[in-house]
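As provided, entry.cif (mmCIF, C-alpha atoms) reads as follows.
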data_my_file
#
loop_
_atom_site.label_atom_id
_atom_site.label_comp_id
_atom_site.auth_asym_id
_atom_site.auth_seq_id
_atom_site.Cartn_x
_atom_site.Cartn_y
_atom_site.Cartn_z
CA GLN A 653 -59.52 -199.45 -142.74
CA ARG A 654 -62.17 -199.85 -145.39
CA SER A 655 -61.91 -198.59 -148.94
CA ALA A 656 -63.18 -195.07 -149.60
CA ARG A 657 -64.71 -196.19 -152.92
CA PRO A 658 -66.12 -199.73 -152.39
CA GLU A 659 -68.50 -199.32 -155.33
CA MET A 660 -65.54 -199.18 -157.72
CA TRP A 661 -64.34 -202.62 -156.54
CA SER A 662 -67.85 -204.08 -156.96
CA ALA A 663 -68.24 -202.53 -160.41
CA CYS A 664 -65.08 -204.30 -161.50
CA GLY A 665 -66.55 -207.67 -160.58
CA GLY A 666 -64.84 -208.03 -157.23
CA GLY A 667 -66.39 -209.83 -154.32
CA GLU A 668 -65.40 -208.79 -150.88
CA GLU A 669 -63.56 -205.54 -150.50
CA PRO A 670 -59.76 -206.03 -150.85
CA PRO A 671 -57.69 -205.66 -147.69
CA GLN A 672 -56.09 -202.34 -147.00
CA HIS A 673 -52.42 -201.98 -146.00
CA LEU A 674 -51.30 -199.11 -143.83
CA ILE A 675 -47.72 -197.83 -143.81
CA ASP A 676 -46.67 -196.10 -140.61
CA ILE A 677 -44.17 -193.37 -141.60
CA PRO A 678 -42.70 -191.53 -138.61
CA PRO A 679 -42.88 -187.72 -138.74
CA SER A 680 -39.08 -187.47 -138.62
CA TYR A 681 -38.64 -189.54 -141.81
CA ASP A 682 -36.88 -187.54 -144.55
CA PRO A 683 -36.77 -189.45 -147.86
CA GLN A 684 -34.10 -187.17 -149.31
CA CYS A 685 -31.81 -187.69 -146.33
CA GLU A 686 -32.46 -191.44 -146.34
CA ARG A 687 -31.42 -191.58 -150.01
CA LEU A 688 -28.16 -189.70 -149.46
CA ILE A 689 -27.16 -191.36 -146.19
CA ARG A 690 -27.48 -194.91 -147.56
CA PRO A 691 -24.18 -196.68 -148.22
CA ARG A 692 -23.29 -196.83 -151.89
CA PRO A 693 -24.23 -200.32 -153.16
CA ARG A 694 -21.20 -202.60 -153.15
CA ALA A 695 -21.88 -203.84 -156.69
CA GLU A 696 -21.74 -200.27 -158.12
CA GLY A 697 -18.09 -199.75 -157.22
CA SER A 698 -16.63 -196.27 -156.85
CA LEU A 699 -18.50 -193.02 -157.55
CA ARG A 700 -16.30 -190.23 -158.89
CA CYS A 701 -17.18 -186.79 -157.55
CA VAL A 702 -15.58 -183.36 -157.27
CA VAL A 703 -15.70 -180.88 -154.39
CA ARG A 704 -15.50 -177.16 -155.16
CA LEU A 705 -15.24 -174.07 -152.99
CA GLN A 706 -17.45 -171.13 -154.02
CA PRO A 707 -15.40 -168.16 -152.70
CA ARG A 708 -18.17 -165.55 -152.87
CA GLU A 709 -20.85 -167.62 -151.15
CA LYS A 710 -18.30 -169.54 -149.02
CA ASP A 711 -20.26 -172.70 -149.82
CA VAL A 712 -18.60 -176.01 -150.64
CA LEU A 713 -20.31 -177.97 -153.42
CA MET A 714 -20.15 -181.69 -154.19
CA HIS A 715 -20.90 -182.73 -157.78
CA VAL A 716 -21.02 -186.13 -159.43
CA GLU A 717 -18.21 -185.82 -161.98
CA ASP A 718 -20.12 -187.55 -164.79
CA GLY A 719 -22.60 -184.91 -165.94
CA ASN A 720 -21.55 -182.36 -163.29
CA VAL A 721 -24.68 -183.14 -161.25
CA LEU A 722 -24.98 -181.20 -157.99
CA LEU A 723 -25.31 -183.66 -155.12
CA LEU A 724 -24.67 -181.80 -151.85
CA VAL A 725 -23.90 -178.33 -150.49
CA ALA A 726 -22.11 -177.48 -147.24
CA ARG A 727 -22.13 -174.20 -145.34
CA LYS A 728 -20.09 -173.46 -142.24
CA GLU A 729 -21.89 -172.03 -139.23
CA GLY A 730 -19.51 -171.26 -136.39
CA LYS A 731 -17.43 -174.40 -135.80
CA HIS A 732 -19.86 -176.75 -137.51
CA TRP A 733 -20.85 -177.59 -141.09
CA ARG A 734 -24.48 -177.82 -142.19
CA ILE A 735 -25.03 -180.04 -145.24
CA GLY A 736 -28.04 -179.85 -147.55
CA ALA A 737 -29.09 -181.04 -150.98
CA ASP A 738 -29.35 -177.75 -152.90
CA ARG A 739 -27.80 -174.29 -152.85
CA ALA A 740 -30.96 -172.66 -151.53
CA PHE A 741 -31.15 -174.74 -148.37
CA ALA A 742 -31.56 -172.91 -145.09
CA SER A 743 -30.00 -173.91 -141.80
CA ALA A 744 -33.25 -175.43 -140.58
CA SER A 745 -33.62 -177.57 -143.72
CA ALA A 746 -30.11 -179.08 -143.59
CA LEU A 747 -29.94 -182.87 -143.78
CA VAL A 748 -27.00 -183.49 -141.43
CA GLN A 749 -24.49 -181.53 -139.42
CA LEU A 750 -20.77 -182.20 -139.19
CA THR A 751 -20.13 -181.28 -135.56
CA THR A 752 -16.71 -180.29 -134.26
CA CYS A 753 -16.39 -181.99 -130.88
CA GLY A 754 -12.95 -180.64 -129.93
CA GLY A 755 -9.61 -182.38 -129.67
CA GLY A 756 -9.64 -183.32 -133.36
CA ALA A 757 -12.94 -185.24 -133.04
CA TYR A 758 -15.95 -184.85 -135.33
CA SER A 759 -19.36 -186.47 -135.64
CA VAL A 760 -22.11 -186.58 -138.27
CA GLU A 761 -25.51 -185.95 -136.74
CA ARG A 762 -28.92 -186.07 -138.38
CA VAL A 763 -30.74 -182.73 -138.29
CA ARG A 764 -34.22 -183.46 -136.95
CA SER A 765 -37.27 -181.37 -136.22
CA SER A 766 -37.59 -183.23 -132.91
CA SER A 767 -34.92 -182.24 -130.41
CA SER A 768 -35.18 -185.57 -128.61
CA ARG A 769 -32.84 -187.26 -131.10
CA ALA A 770 -31.05 -184.30 -132.61
CA SER A 771 -27.60 -185.49 -131.60
CA TRP A 772 -27.80 -189.18 -132.56
CA GLU A 773 -24.75 -190.00 -134.68
CA SER A 774 -24.14 -191.99 -137.86
CA LEU A 775 -20.35 -191.44 -138.07
CA SER A 776 -17.50 -190.46 -135.78
CA CYS A 777 -14.02 -189.48 -136.94
CA SER A 778 -10.81 -188.11 -135.53
CA HIS A 779 -7.87 -186.19 -137.01
CA GLU A 780 -4.31 -185.90 -135.78
CA THR A 781 -0.83 -185.21 -137.09
CA ARG A 782 1.54 -188.13 -136.77
CA ALA A 783 5.29 -188.58 -137.09
CA LEU A 784 6.11 -191.78 -138.97
CA SER A 785 9.65 -191.56 -137.64
CA GLN A 786 11.83 -189.07 -135.77
CA ASP A 787 13.57 -187.95 -138.95
CA LEU A 788 10.49 -187.35 -141.11
CA PRO A 789 7.88 -184.55 -141.20
CA GLU A 790 4.50 -185.16 -139.60
CA VAL A 791 1.56 -186.24 -141.75
CA ASN A 792 -2.17 -185.73 -141.32
CA THR A 793 -4.07 -188.88 -140.44
CA MET A 794 -7.76 -189.64 -140.04
CA ALA A 795 -9.77 -192.49 -138.56
CA ALA A 796 -13.52 -192.93 -138.92
CA LEU A 797 -16.07 -195.35 -137.51
CA LEU A 798 -19.55 -195.90 -138.89
CA PRO A 799 -22.19 -198.44 -137.88
CA LEU A 800 -22.49 -201.51 -140.05
CA ASP A 801 -25.59 -201.93 -142.18
CA GLU A 802 -27.62 -204.20 -139.92
CA SER A 803 -29.70 -205.53 -142.81
CA ALA A 804 -26.51 -206.65 -144.59
CA GLU A 805 -25.45 -208.51 -141.46
CA ALA A 806 -28.87 -210.16 -141.18
CA ARG A 807 -28.66 -211.27 -144.79
CA ASP A 808 -25.67 -213.47 -144.03
CA GLY A 809 -27.47 -215.72 -141.56
CA SER A 810 -31.19 -215.12 -141.85
CA GLY A 811 -31.89 -217.31 -144.88
CA ARG A 812 -33.95 -214.51 -146.38
CA GLU A 813 -33.77 -214.02 -150.16
CA TRP A 814 -32.66 -210.43 -150.69
CA LEU A 815 -33.16 -208.46 -153.86
CA PRO A 816 -29.89 -207.45 -155.58
CA GLY A 817 -28.39 -204.53 -153.68
CA GLU A 818 -31.27 -204.37 -151.20
CA ALA A 819 -29.22 -204.96 -148.07
CA GLU A 820 -26.53 -202.46 -149.01
CA CYS A 821 -29.15 -199.78 -149.74
CA ALA A 822 -30.59 -199.70 -146.22
CA ALA A 823 -30.09 -196.37 -144.48
CA ALA A 824 -27.13 -196.13 -142.16
CA PRO A 825 -28.08 -196.89 -138.54
CA GLU A 826 -27.48 -194.28 -135.88
CA ARG A 827 -26.07 -194.48 -132.36
CA PRO A 828 -26.67 -192.50 -129.16
CA PRO A 829 -24.46 -189.47 -128.52
CA GLY A 830 -20.85 -190.36 -127.73
CA GLU A 831 -21.16 -194.10 -128.33
CA LEU A 832 -19.35 -194.12 -131.68
CA ARG A 833 -16.64 -191.79 -130.40
CA SER A 834 -15.95 -194.12 -127.48
CA GLN A 835 -15.95 -197.13 -129.80
CA LEU A 836 -13.56 -195.37 -132.19
CA HIS A 837 -11.13 -194.76 -129.34
CA ASP A 838 -11.29 -198.44 -128.42
CA ALA A 839 -10.71 -199.49 -132.03
CA LEU A 840 -7.55 -197.38 -132.34
CA VAL A 841 -5.99 -199.13 -129.35
CA GLY A 842 -6.67 -202.56 -130.80
CA GLN A 843 -10.11 -203.40 -129.41
CA PRO A 844 -12.74 -205.08 -131.64
CA THR A 845 -15.53 -202.96 -133.10
CA PRO A 846 -18.66 -205.17 -133.22
CA GLY A 847 -21.37 -203.73 -135.42
CA ALA A 848 -19.16 -201.02 -136.92
CA THR A 849 -16.64 -200.46 -139.73
CA LEU A 850 -13.29 -198.80 -139.05
CA LEU A 851 -11.62 -196.69 -141.74
CA MET A 852 -8.08 -195.34 -141.46
CA THR A 853 -5.66 -193.27 -143.52
CA LYS A 854 -3.49 -195.08 -146.03
CA LEU A 855 -0.05 -193.81 -145.08
CA PRO A 856 2.35 -192.46 -147.72
CA ARG A 857 5.91 -193.63 -148.26
CA TRP A 858 8.93 -191.38 -147.92
CA ASN A 859 11.00 -191.02 -151.09
CA PRO A 860 14.52 -189.89 -150.18
CA SER A 861 15.35 -189.03 -153.79
CA THR A 862 12.56 -186.42 -153.95
CA ASP A 863 12.70 -185.62 -150.23
CA ALA A 864 8.91 -185.94 -149.99
CA PHE A 865 6.09 -188.28 -149.05
CA GLU A 866 4.50 -190.09 -151.99
CA LEU A 867 1.19 -191.91 -152.45
CA PRO A 868 -0.30 -192.93 -155.82
CA PHE A 869 -3.57 -191.11 -156.61
CA HIS A 870 -4.16 -192.75 -159.98
CA GLY A 871 -4.59 -189.47 -161.85
CA ARG A 872 -7.01 -188.03 -159.26
CA ALA A 873 -4.62 -185.43 -157.78
CA ASN A 874 -2.77 -182.81 -159.83
CA LEU A 875 -1.25 -180.80 -156.98
CA ALA A 876 0.50 -181.63 -153.74
CA SER A 877 -1.57 -180.81 -150.66
CA GLU A 878 -1.67 -181.75 -146.99
CA ARG A 879 -5.38 -182.42 -147.60
CA ASN A 880 -4.71 -185.19 -150.12
CA PHE A 881 -5.62 -188.44 -148.36
CA GLN A 882 -7.05 -191.92 -148.83
CA LEU A 883 -9.08 -194.07 -146.44
CA VAL A 884 -9.01 -197.86 -146.32
CA THR A 885 -10.76 -200.44 -144.18
CA ALA A 886 -8.94 -201.43 -140.99
CA LEU A 887 -9.25 -204.01 -138.25
CA ARG A 888 -8.43 -203.31 -134.62
CA GLY A 889 -6.42 -200.24 -135.52
CA LYS A 890 -4.31 -202.00 -138.15
CA VAL A 891 -4.37 -201.54 -141.93
CA ALA A 892 -3.59 -204.50 -144.18
CA ALA A 893 -1.20 -203.91 -147.08
CA ASP A 894 -3.87 -204.94 -149.61
CA ALA A 895 -6.78 -203.10 -147.96
CA PRO A 896 -9.08 -201.59 -150.62
CA ILE A 897 -9.37 -197.81 -150.95
CA VAL A 898 -12.88 -196.72 -149.97
CA LEU A 899 -12.30 -192.94 -150.19
CA LEU A 900 -9.85 -190.82 -152.20
CA HIS A 901 -9.54 -187.03 -151.88
CA GLY A 902 -7.03 -185.27 -154.14
CA LYS A 903 -6.34 -181.65 -155.12
CA LEU A 904 -7.09 -180.95 -158.79
CA ASP A 905 -6.67 -177.15 -158.78
CA GLU A 906 -6.72 -174.30 -156.27
CA ALA A 907 -10.47 -174.61 -155.56
CA THR A 908 -11.31 -178.17 -156.65
CA TYR A 909 -10.71 -181.61 -155.16
CA SER A 910 -11.58 -185.06 -156.40
CA LEU A 911 -13.73 -187.13 -154.04
CA ASP A 912 -14.16 -190.79 -154.99
CA PHE A 913 -15.86 -193.21 -152.62
CA ARG A 914 -17.40 -196.68 -152.47
CA TYR A 915 -19.19 -199.01 -150.04
CA PRO A 916 -19.53 -198.75 -147.04
CA LEU A 917 -19.63 -194.95 -147.39
CA SER A 918 -22.66 -192.90 -148.38
CA PRO A 919 -22.56 -189.56 -150.25
CA LEU A 920 -23.24 -187.64 -147.03
CA HIS A 921 -20.54 -189.44 -145.08
CA ALA A 922 -17.95 -189.14 -147.86
CA PHE A 923 -18.64 -185.39 -148.16
CA ALA A 924 -18.43 -184.93 -144.38
CA LEU A 925 -15.04 -186.66 -144.27
CA ALA A 926 -13.78 -184.35 -147.01
CA LEU A 927 -15.02 -181.31 -145.03
CA VAL A 928 -12.99 -182.41 -142.01
CA THR A 929 -9.84 -181.58 -144.00
CA TRP A 930 -10.84 -177.90 -144.26
CA GLY A 931 -9.67 -177.56 -140.68
CA TRP A 932 -6.20 -179.02 -141.37
#

With the file now loaded, output its structure as structure tokens.
Amino acid sequence: QRSARPEMWSACGGGEEPPQHLIDIPPSYDPQCERLIRPRPRAEGSLRCVVRLQPREKDVLMHVEDGNVLLLVARKEGKHWRIGADRAFASASALVQLTTCGGGAYSVERVRSSSSRASWESLSCSHETRALSQDLPEVNTMAALLPLDESAEARDGSGREWLPGEAECAAAPERPPGELRSQLHDALVGQPTPGATLLMTKLPRWNPSTDAFELPFHGRANLASERNFQLVTALRGKVAADAPIVLLHGKLDEATYSLDFRYPLSPLHAFALALVTWGW
């Protein structure tokens, strides 16, 4: 295209009219959702947040702990959770939906104006109770699978010079309906997960002197709760002893939980994983 004001370029001493660059932005693009669904940059470490239940409105709020900045709001509609970026959001303006798929399975789906891709998924997770031995009580466990950041993978072998944090800040890719759930099932039985990251519960240890399960929460849980959990990276359904904690969710008081997360999780995915525990 040509410039709408070519006389301004000539008046400034320019010769030929400068080239114009067009950016093709698809109608479904939502900059707010893209910002909140991006993985937290690896270099920024963990982000400390809190999750609070608002009993009157029945909303669940996620705040950044430093400054008490509201980040996300969730509202349950039937079996599913709609997640938006402010307390006034309506169902139609939600950013993503945490969908209950049955059998302890959940998925995070982008809410789109176009129905053609309404159910494409950016995370799949499953919940079950598990007995660590015949003599011990069952514990809640979770596993989650999210697509790897393709730009981060390309950075490793492309030879391109990336800006600091650029690769990690790309929006999370999405997969067709059911693909991540099938891949998660394969991962839990020891199959490889190409192009995806597997997260699993860090299991507690049984303390016979206190007759209870114990797991250090580093000051981020004040009360015992079946919804206290931590997620770590895993490979082929196995968790290494030194696997880093990528999500921590601990009960602070009757209506408040800590929610700390780091790469490869995004704010939306971390919040969705915390909401899964409301069904435990």

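Here atom CA of Gln706 of chain A and atom CA of Gly931 of chain A stand 16.7 Å from one another.
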
Legend entry - Distance in Å - atom CA of Arg879 of chain A versus atom CA of Asp718 of chain A: 23.2 Å

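Here atom CA of Ser861 of chain A is placed at a distance of 23.6 Å from atom CA of Thr793 of chain A.
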
Inset, instruction - Check the smallest atom-to-atom distance from each of A:Ser918, A:Thr845, A:Gln684, A:Asn874 to Leu747 of chain A using only C-alpha atoms, then report the winner. - result: A:Gln684

Legend entry - Surrounding residues of segment 837-841 of chain A excluding itself and chain neighbours under 6 positions, 9 Å, all atoms listed in the file, as a list of chain:residue names: A:Ala795, A:Leu797, A:Leu850, A:Leu887, A:Arg888, A:Gly889, A:Lys890

Legend entry - Residue contacts of Val760 of chain A (8 Å, all atoms listed in the file) excluding same-chain residues fewer than 5 positions away, as an MDAnalysis selection string: chainID A and resid 748:751 773:776 921 924

Inset, instruction - Counting all atoms listed in the file, figure out which residue out of A:Glu780, A:Leu883, A:Arg704, A:Asn859 gets nearest to Lys903 of chain A. - result: A:Arg704

Inset, instruction - Tell me which of A:Arg914, A:Ala926, A:Ala876, A:His673 sits closest to Ala695 of chain A, counting all atoms listed in the file. - result: A:Arg914

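Using the PyMOL selection byres ((chain A and resi 869) around 10) on this structure selects A:Glu866, A:Leu867, A:Pro868, A:His870, A:Gly871, A:Arg872, A:Ala873, A:Asn874, A:Asn880, A:Phe881, A:Gln882, A:Leu900, A:His901, A:Gly902, A:Lys903.
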
If you take every atom of segment 826-829 of chain A that the file lists and fit an axis-aligned box around them with 4 Å extra on each side, what centre and edge lengths come out in Å to one decimal, as AutoDock Vina command-line options?
--center_x -26.0 --center_y -192.0 --center_z -132.2 --size_x 11.0 --size_y 13.0 --size_z 15.4

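Residue nearest Glu761 of chain A, chosen from A:Leu724, A:Leu832, A:Met714, A:Val891 and counting all atoms listed in the file: A:Leu832.
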
Inset, instruction - Spell out the residues picked by the PyMOL selection byres ((chain A and resi 729) around 12) here, as a list in words. - result: Lys710, Asp711, Ala726, Arg727, Lys728, Gly730, Lys731, His732, Trp733, Arg734, Ile735, Ala742, Ser743, Ala744, Ala746, Gln749, Leu750, Thr751 and Thr752 of chain A

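Shortest separation to Tyr758 of chain A among A:Cys777, A:Leu920, A:Cys701, A:Leu674 occurs at residue A:Cys777, atoms counted being all atoms listed in the file.
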
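Distances from A:Ala796, A:Val791, A:Leu904, A:Leu875 to Ser778 of chain A were compared using all atoms listed in the file, and the smallest one belongs to A:Ala796.
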
Inset, instruction - Would you translate the PyMOL selection byres ((chain A and resi 799) around 7) into the concrete set of residues it matches in this file, as a ChimeraX atom specification? - result: /A:774,797-798,800-801,824-825,847-849

Dump of C-alpha atoms for the selected residues, as a PDB file, in the coordinates of the input:
ATOM      1  CA  SER A 774     -24.140-191.990-137.860  1.00  0.00           C
ATOM      2  CA  LEU A 797     -16.070-195.350-137.510  1.00  0.00           C
ATOM      3  CA  LEU A 798     -19.550-195.900-138.890  1.00  0.00           C
ATOM      4  CA  LEU A 800     -22.490-201.510-140.050  1.00  0.00           C
ATOM      5  CA  ASP A 801     -25.590-201.930-142.180  1.00  0.00           C
ATOM      6  CA  ALA A 824     -27.130-196.130-142.160  1.00  0.00           C
ATOM      7  CA  PRO A 825     -28.080-196.890-138.540  1.00  0.00           C
ATOM      8  CA  GLY A 847     -21.370-203.730-135.420  1.00  0.00           C
ATOM      9  CA  ALA A 848     -19.160-201.020-136.920  1.00  0.00           C
ATOM     10  CA  THR A 849     -16.640-200.460-139.730  1.00  0.00           C
TER      11      THR A 849
END

Could segment 904-915 of chain A be completed with all heavy atoms and written as a tab-separated table (two decimals), keeping the file's coordinate frame, please?
chain	number	residue	atom	x	y	z
A	904	LEU	N	-7.16	-181.07	-157.33
A	904	LEU	CA	-7.09	-180.95	-158.79
A	904	LEU	C	-6.64	-179.56	-159.22
A	904	LEU	O	-5.88	-179.41	-160.16
A	904	LEU	CB	-8.47	-181.27	-159.40
A	904	LEU	CG	-8.98	-182.69	-159.14
A	904	LEU	CD1	-10.40	-182.85	-159.67
A	904	LEU	CD2	-8.05	-183.72	-159.79
A	905	ASP	N	-7.15	-178.52	-158.55
A	905	ASP	CA	-6.67	-177.15	-158.78
A	905	ASP	C	-6.89	-176.38	-157.48
A	905	ASP	O	-7.23	-176.98	-156.45
A	905	ASP	CB	-7.36	-176.48	-159.98
A	905	ASP	CG	-8.88	-176.40	-159.84
A	905	ASP	OD1	-9.36	-176.09	-158.74
A	905	ASP	OD2	-9.59	-176.65	-160.82
A	906	GLU	N	-6.71	-175.07	-157.51
A	906	GLU	CA	-6.72	-174.30	-156.27
A	906	GLU	C	-8.06	-174.35	-155.53
A	906	GLU	O	-8.10	-174.15	-154.32
A	906	GLU	CB	-6.35	-172.84	-156.56
A	906	GLU	CG	-4.88	-172.66	-156.92
A	906	GLU	CD	-3.95	-173.22	-155.85
A	906	GLU	OE1	-4.23	-173.05	-154.65
A	906	GLU	OE2	-2.93	-173.83	-156.21
A	907	ALA	N	-9.15	-174.61	-156.22
A	907	ALA	CA	-10.47	-174.61	-155.56
A	907	ALA	C	-11.23	-175.91	-155.74
A	907	ALA	O	-12.40	-175.99	-155.36
A	907	ALA	CB	-11.32	-173.45	-156.09
A	908	THR	N	-10.59	-176.94	-156.31
A	908	THR	CA	-11.31	-178.17	-156.65
A	908	THR	C	-10.53	-179.40	-156.18
A	908	THR	O	-9.32	-179.49	-156.35
A	908	THR	CB	-11.54	-178.27	-158.17
A	908	THR	OG1	-12.15	-177.07	-158.63
A	908	THR	CG2	-12.44	-179.45	-158.50
A	909	TYR	N	-11.27	-180.34	-155.60
A	909	TYR	CA	-10.71	-181.61	-155.16
A	909	TYR	C	-11.53	-182.76	-155.73
A	909	TYR	O	-12.76	-182.65	-155.88
A	909	TYR	CB	-10.72	-181.73	-153.63
A	909	TYR	CG	-9.68	-180.90	-152.93
A	909	TYR	CD1	-9.85	-179.52	-152.78
A	909	TYR	CD2	-8.51	-181.47	-152.44
A	909	TYR	CE1	-8.89	-178.74	-152.14
A	909	TYR	CE2	-7.55	-180.71	-151.80
A	909	TYR	CZ	-7.74	-179.35	-151.66
A	909	TYR	OH	-6.78	-178.58	-151.03
A	910	SER	N	-10.87	-183.83	-156.06
A	910	SER	CA	-11.58	-185.06	-156.40
A	910	SER	C	-12.07	-185.70	-155.10
A	910	SER	O	-11.45	-185.56	-154.05
A	910	SER	CB	-10.68	-186.03	-157.16
A	910	SER	OG	-9.58	-186.41	-156.35
A	911	LEU	N	-13.20	-186.39	-155.18
A	911	LEU	CA	-13.73	-187.13	-154.04
A	911	LEU	C	-14.38	-188.39	-154.58
A	911	LEU	O	-15.51	-188.36	-155.07
A	911	LEU	CB	-14.74	-186.29	-153.25
A	911	LEU	CG	-15.39	-186.99	-152.05
A	911	LEU	CD1	-14.34	-187.43	-151.04
A	911	LEU	CD2	-16.43	-186.09	-151.38
A	912	ASP	N	-13.67	-189.50	-154.51
A	912	ASP	CA	-14.16	-190.79	-154.99
A	912	ASP	C	-14.41	-191.69	-153.78
A	912	ASP	O	-13.57	-191.76	-152.88
A	912	ASP	CB	-13.13	-191.45	-155.92
A	912	ASP	CG	-12.72	-190.56	-157.08
A	912	ASP	OD1	-13.43	-189.57	-157.36
A	912	ASP	OD2	-11.69	-190.85	-157.71
A	913	PHE	N	-15.55	-192.36	-153.77
A	913	PHE	CA	-15.86	-193.21	-152.62
A	913	PHE	C	-16.66	-194.43	-153.06
A	913	PHE	O	-17.24	-194.46	-154.14
A	913	PHE	CB	-16.66	-192.42	-151.57
A	913	PHE	CG	-18.04	-192.03	-152.00
A	913	PHE	CD1	-19.14	-192.82	-151.71
A	913	PHE	CD2	-18.25	-190.86	-152.73
A	913	PHE	CE1	-20.41	-192.46	-152.12
A	913	PHE	CE2	-19.52	-190.49	-153.14
A	913	PHE	CZ	-20.60	-191.30	-152.84
A	914	ARG	N	-16.68	-195.44	-152.21
A	914	ARG	CA	-17.40	-196.68	-152.47
A	914	ARG	C	-17.96	-197.20	-151.15
A	914	ARG	O	-17.77	-196.61	-150.09
A	914	ARG	CB	-16.48	-197.71	-153.12
A	914	ARG	CG	-15.32	-198.14	-152.24
A	914	ARG	CD	-14.52	-199.27	-152.87
A	914	ARG	NE	-13.86	-198.86	-154.10
A	914	ARG	CZ	-13.98	-199.51	-155.26
A	914	ARG	NH1	-14.73	-200.60	-155.33
A	914	ARG	NH2	-13.34	-199.11	-156.33
A	915	TYR	N	-18.67	-198.35	-151.22
A	915	TYR	CA	-19.19	-199.01	-150.04
A	915	TYR	C	-18.06	-199.23	-149.03
A	915	TYR	O	-16.96	-199.58	-149.44
A	915	TYR	CB	-19.80	-200.36	-150.44
A	915	TYR	CG	-20.40	-201.14	-149.30
A	915	TYR	CD1	-21.72	-200.94	-148.92
A	915	TYR	CD2	-19.65	-202.07	-148.59
A	915	TYR	CE1	-22.27	-201.64	-147.86
A	915	TYR	CE2	-20.19	-202.77	-147.52
A	915	TYR	CZ	-21.50	-202.55	-147.16
A	915	TYR	OH	-22.03	-203.24	-146.11
